[in-house]
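A short write-up of the structure that comes next.
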Amino acid sequence: MKSKQITRREFVSAATIATASAFTLKSSIAAEPGEEKVPKIDTHLHCFAGTDSEQFPYHAKAPYRPTALATPEHLLSCMDAAGVDYAVVVHPEPYQDDHRYLKHCLDIGGDRLKGTILLFSDRPGSLEKMAKLCQQMDVMAVRVHAYAPDRLPPFGSKELRRLWKMATDLNLAVQLHFEPRYADGFEPLIKEFPKTTVLIDHMGRPFQGTPQEHAKVVRWSRFPNTIMKLSSIPTTRQYPHRDIQPTIRELTNAFGAERMMYGGGFGAETTGESYQQAFARARSLLLHLSENEQNQILGGTAKRILRFG
């Protein structure tokens, strides 16, 4: 019988799974005797109560409406099974600036969870919620989206500057989720507020812009207050089917492990095993760094900057 020949894509896919599996045990970030354990921290996940929740309904302006539940109870169960110490619940757009479900999640999570809030500088009354939300919850950042023509902040306006100033006064980071083509709109505020930590979501979405557009994001590494998040890591099975490894190398060279943090792996279908595998895959993409540098990205940097533990 003639043996079946596997394609290059099938080989790469199998090799990736095997590599992640090989690093499953190592992903627990153990410490040497006498050394402090470096925690595993997921800095980017969403929780959803679903479309049938009367207590926590989606906002009328929700751009999407997930039907599957991703609850804090499920999250904590997966964290326990995967050895994840802490996590950041990023308040998602379906709830807009209604943060009742985020508070519910953080109340259940206790000191293991922190939150990112979502407010709108051009929406009357939205920014006025910021101080009270910080009193009610353990909040570490306010998120700003620039992700589509109909989901943009008012660039160059006094309102967006006010959001940045209020976050600075409340000791919050500003968390940016954007397509690279919108980077120019944020840069003046990054410069104006050099003491305000700026978290860059999802590696600056490198595959959703041209190389020249993403190069502007990489050059933000010259600002010491910018932190790059290794999150929403694409695979070659996803469009545009490009290898993310060269981009990760570029970002680690530019920002260094002390200014990078990992996030990802949790969702409605997550299990403890799949959550652990997500961390293992992230580590397998960081093998060009030392073990200590890998540990910093997988938890140490977030512990220091986001004040966990």
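Chain labels A, B, ... are given in the sequence in which chains occur in the structure tokens; within each chain residues are numbered consecutively from 1, and ligands are likewise numbered from 1 in the order shown.
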
Nearby residues (only C-alpha atoms) at most 6 Å from segment 231-244 of chain A, same-chain spacing under 3 positions excluded, as a short mmCIF file (atom, residue, chain, number, x, y, z; two decimals) with C-alpha atoms, in the first residue's frame:
data_model
loop_
_atom_site.label_atom_id
_atom_site.label_comp_id
_atom_site.auth_asym_id
_atom_site.auth_seq_id
_atom_site.Cartn_x
_atom_site.Cartn_y
_atom_site.Cartn_z
CA HIS A 202 -2.93 42.13 20.78
CA THR A 247 6.66 39.61 14.66
CA TYR A 262 0.84 37.68 28.03
CA GLY A 263 -2.92 37.34 27.78
CA GLY A 264 -5.23 34.77 26.29
#

* Would you list the contacts of segment 129-143 of chain A as a PyMOL selection string, taking every protein, DNA or RNA residue within 9 Å and counting only C-alpha atoms, but skipping same-chain residues closer than 2 positions in sequence? => chain A and resi 88+90-91+97+99+102-103+106-107+111+113-119+125-127+145+163-164+166-167+170-177+197-199+306-307

* Quick one, how far is atom CA of Asp169 of chain A from atom CA of Phe120 of chain A? ->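 Separation of atom CA of Asp169 of chain A and atom CA of Phe120 of chain A: 17.2 Å.
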
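Atom CA of Met203 of chain A is found 23.8 Å from atom CA of Pro66 of chain A.
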
* To do: For atom CA of Gln55 of chain A and atom CA of His104 of chain A, quote the distance in Å rounded to one decimal.
  =>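 It comes out at 10.5 Å.
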
* Do you know which residues are at most 7 Å from segment 151-160 of chain A counting only C-alpha atoms, after dropping those on the same chain fewer than 6 positions away, and could you put them as a ChimeraX atom specification? -> /A:121-122,145,185

Just C-alpha atoms for this one: save the residues we selected as a JSON list (two decimals), in the first residue's frame.
[["chain", "number", "residue", "atom", "x", "y", "z"],
["A", 121, "SER", "CA", -15.00, 60.30, 25.90],
["A", 122, "ASP", "CA", -17.55, 61.57, 23.36],
["A", 145, "HIS", "CA", -11.09, 51.23, 20.86],
["A", 185, "GLY", "CA", -4.08, 59.43, 16.56]]

Can you list every residue of segment 78-179 of chain A that has an atom at most 8 Å from segment 275-284 of chain A, with its nearest atom pair and the distance in Å to one decimal, using only C-alpha atoms, ordered by chain then number, as a tab-separated table?
residue	atom	partner	partner_atom	distance
A:Cys78	CA	A:Tyr275	CA	6.8
A:Met79	CA	A:Tyr275	CA	7.6
A:Ala82	CA	A:Gln276	CA	4.8
A:Gly83	CA	A:Gln276	CA	7.5

* Out of segment 93-133 of chain A, which residues get helix (DSSP H, G or I) from DSSP, as a list of chain:residue names? -> A:Glu93, A:Pro94, A:Tyr95, A:Arg100, A:Tyr101, A:Leu102, A:Lys103, A:His104, A:Cys105, A:Leu106, A:Asp107, A:Ile108, A:Gly109, A:Gly110, A:Asp111, A:Arg112, A:Leu127, A:Glu128, A:Lys129, A:Met130, A:Ala131, A:Lys132, A:Leu133

* Residue contacts of Ala302 of chain A (10 Å, only C-alpha atoms) excluding same-chain residues fewer than 5 positions away, as an NGL selection string -> :A and (39-43 or 86-88 or 227 or 229 or 258-263 or 296-297 or 307-308)

* as an MDAnalysis selection string, please: all residues of segment 188-267 of chain A that backbone DSSP puts in strand (DSSP E). => chainID A and resid 198:200 226:231 260:263

* Counting only C-alpha atoms, which of A:Glu36, A:Glu93, A:Asp201, A:Asp184 gets nearest to Pro63 of chain A? ->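 Closest to Pro63 of chain A of all the choices is A:Glu93.
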
* Measuring atom to atom with only C-alpha atoms, identify which of A:Arg100, A:Ala268, A:Thr252, A:Phe223 is nearest to Phe193 of chain A. =>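 For Phe193 of chain A, the nearest of the given residues is A:Phe223.
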
* **Shell around Cys47 of chain A at 7 Å using only C-alpha atoms, local window under 3 positions removed, as a list of chain:residue names** =>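 Residues near the query, excluding close chain neighbours: A:Ala70, A:Thr71, A:Pro72, A:Val89.
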
May I have the selected residues written with N, CA and C atoms, as an mmCIF file, in the first residue's frame?
data_model
loop_
_atom_site.group_PDB
_atom_site.id
_atom_site.type_symbol
_atom_site.label_atom_id
_atom_site.label_comp_id
_atom_site.auth_asym_id
_atom_site.auth_seq_id
_atom_site.Cartn_x
_atom_site.Cartn_y
_atom_site.Cartn_z
ATOM 1 N N ALA A 70 -19.515 32.768 29.474
ATOM 2 C CA ALA A 70 -18.127 32.710 29.934
ATOM 3 C C ALA A 70 -18.124 33.395 31.302
ATOM 4 N N THR A 71 -18.383 32.628 32.329
ATOM 5 C CA THR A 71 -18.655 33.165 33.655
ATOM 6 C C THR A 71 -17.409 33.222 34.524
ATOM 7 N N PRO A 72 -17.436 34.032 35.579
ATOM 8 C CA PRO A 72 -16.287 34.072 36.493
ATOM 9 C C PRO A 72 -16.083 32.750 37.220
ATOM 10 N N VAL A 89 -9.928 40.761 33.801
ATOM 11 C CA VAL A 89 -11.170 40.689 33.036
ATOM 12 C C VAL A 89 -11.326 42.011 32.283
#
